[in-house]
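K.L.:
First the structure, which I've put down as structure tokens, then a few questions once you've had a look.
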Amino acid sequence: MSDRRVTVRWNLRQLMAAQGMFQTSELMPLLADRGITLTRTFVYRLVTNTPQRINVEVLAALCDILNCTPNDLLELVTEPVENAKTGTTGHHETQGIGDLRPIRSTIRRPKTGG
């Protein structure tokens, strides 16, 4: 059985390049013009890594600077994920817990010699 995983592709660097911006430091004054003050390190991380969360005001400023929408910056990507085989499932792999039945056993007493 395969599941799916939804991840986010962060396209800030590509959108900057399309506008002719190739240095992360070029964003700082443009953000400052819109009231967003970020450190040089934070801007570098924002451009080079996919953020786990982003301030809505920063997102709006980036969209204004790059003349784009949030959908252009954040792209949802669906990837199939195969369940890992553990080696503990055999022919019962397709059975649910309700399909399992106990195996009848026979108890034998040891023979006593005499």
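The chains in the structure tokens are called A, B, ... from first to last as shown; in each chain the residues are counted from 1, and the ligands are counted from 1 in the order shown.
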If we count only C-alpha atoms and set the cut-off at 8 Å, which residues sit around A:Arg5, ignoring sequence neighbours fewer than 3 positions away in its own chain? Please answer as an NGL selection string.
P.N.:
:A and (78-81)
K.L.:
Quick one: pick out all alpha helix (DSSP H) residues within chain A from a backbone DSSP run and write them as a ChimeraX atom specification.
P.N.:
/A:12-18,27-33,40-48,56-66,70-73
K.L.:
Would you output that residue set with C-alpha atoms, as a PDB file, in the first residue's frame?
P.N.:
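Contents of part.pdb, as written:
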ATOM      1  CA  LEU A  12      11.806  32.475  -3.651  1.00  0.00           C
ATOM      2  CA  ARG A  13      15.257  32.055  -5.206  1.00  0.00           C
ATOM      3  CA  GLN A  14      13.799  31.280  -8.650  1.00  0.00           C
ATOM      4  CA  LEU A  15      11.423  34.248  -8.515  1.00  0.00           C
ATOM      5  CA  MET A  16      14.260  36.551  -7.457  1.00  0.00           C
ATOM      6  CA  ALA A  17      16.382  35.325 -10.382  1.00  0.00           C
ATOM      7  CA  ALA A  18      13.501  35.959 -12.778  1.00  0.00           C
ATOM      8  CA  LEU A  27      16.138  41.919  -0.717  1.00  0.00           C
ATOM      9  CA  MET A  28      17.007  43.751   2.505  1.00  0.00           C
ATOM     10  CA  PRO A  29      16.394  47.352   1.359  1.00  0.00           C
ATOM     11  CA  LEU A  30      13.291  46.284  -0.591  1.00  0.00           C
ATOM     12  CA  LEU A  31      11.869  44.641   2.525  1.00  0.00           C
ATOM     13  CA  ALA A  32      12.837  47.676   4.632  1.00  0.00           C
ATOM     14  CA  ASP A  33      10.913  49.928   2.209  1.00  0.00           C
ATOM     15  CA  ARG A  40      21.248  39.579   6.841  1.00  0.00           C
ATOM     16  CA  THR A  41      21.453  35.996   8.166  1.00  0.00           C
ATOM     17  CA  PHE A  42      17.680  35.633   8.327  1.00  0.00           C
ATOM     18  CA  VAL A  43      17.254  36.910   4.753  1.00  0.00           C
ATOM     19  CA  TYR A  44      19.957  34.499   3.558  1.00  0.00           C
ATOM     20  CA  ARG A  45      18.158  31.573   5.251  1.00  0.00           C
ATOM     21  CA  LEU A  46      14.819  32.754   3.889  1.00  0.00           C
ATOM     22  CA  VAL A  47      16.176  32.689   0.337  1.00  0.00           C
ATOM     23  CA  THR A  48      18.240  29.504   0.523  1.00  0.00           C
ATOM     24  CA  VAL A  56       2.191  36.858   6.774  1.00  0.00           C
ATOM     25  CA  GLU A  57       3.586  40.405   6.559  1.00  0.00           C
ATOM     26  CA  VAL A  58       6.902  39.054   5.220  1.00  0.00           C
ATOM     27  CA  LEU A  59       5.016  36.890   2.723  1.00  0.00           C
ATOM     28  CA  ALA A  60       2.963  39.895   1.572  1.00  0.00           C
ATOM     29  CA  ALA A  61       6.114  42.029   1.215  1.00  0.00           C
ATOM     30  CA  LEU A  62       7.858  39.316  -0.834  1.00  0.00           C
ATOM     31  CA  CYS A  63       4.815  39.022  -3.097  1.00  0.00           C
ATOM     32  CA  ASP A  64       4.786  42.805  -3.566  1.00  0.00           C
ATOM     33  CA  ILE A  65       8.524  42.940  -4.307  1.00  0.00           C
ATOM     34  CA  LEU A  66       8.407  40.050  -6.778  1.00  0.00           C
ATOM     35  CA  PRO A  70       1.689  33.291  -2.413  1.00  0.00           C
ATOM     36  CA  ASN A  71       0.923  30.391  -4.783  1.00  0.00           C
ATOM     37  CA  ASP A  72       3.958  31.373  -6.835  1.00  0.00           C
ATOM     38  CA  LEU A  73       6.204  31.323  -3.755  1.00  0.00           C
TER      39      LEU A  73
END
K.L.:
Calculated over only C-alpha atoms, which of the candidates A:Leu100, A:Val6, A:Cys68, A:Leu74 has the smallest distance to A:Ile54?
P.N.:
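Of all the options, A:Leu74 lies closest to A:Ile54.
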K.L.:
Can you tell me how far atom CA of A:Arg4 sits from atom CA of A:Thr69, in Å to one decimal?
P.N.:
26.0 Å
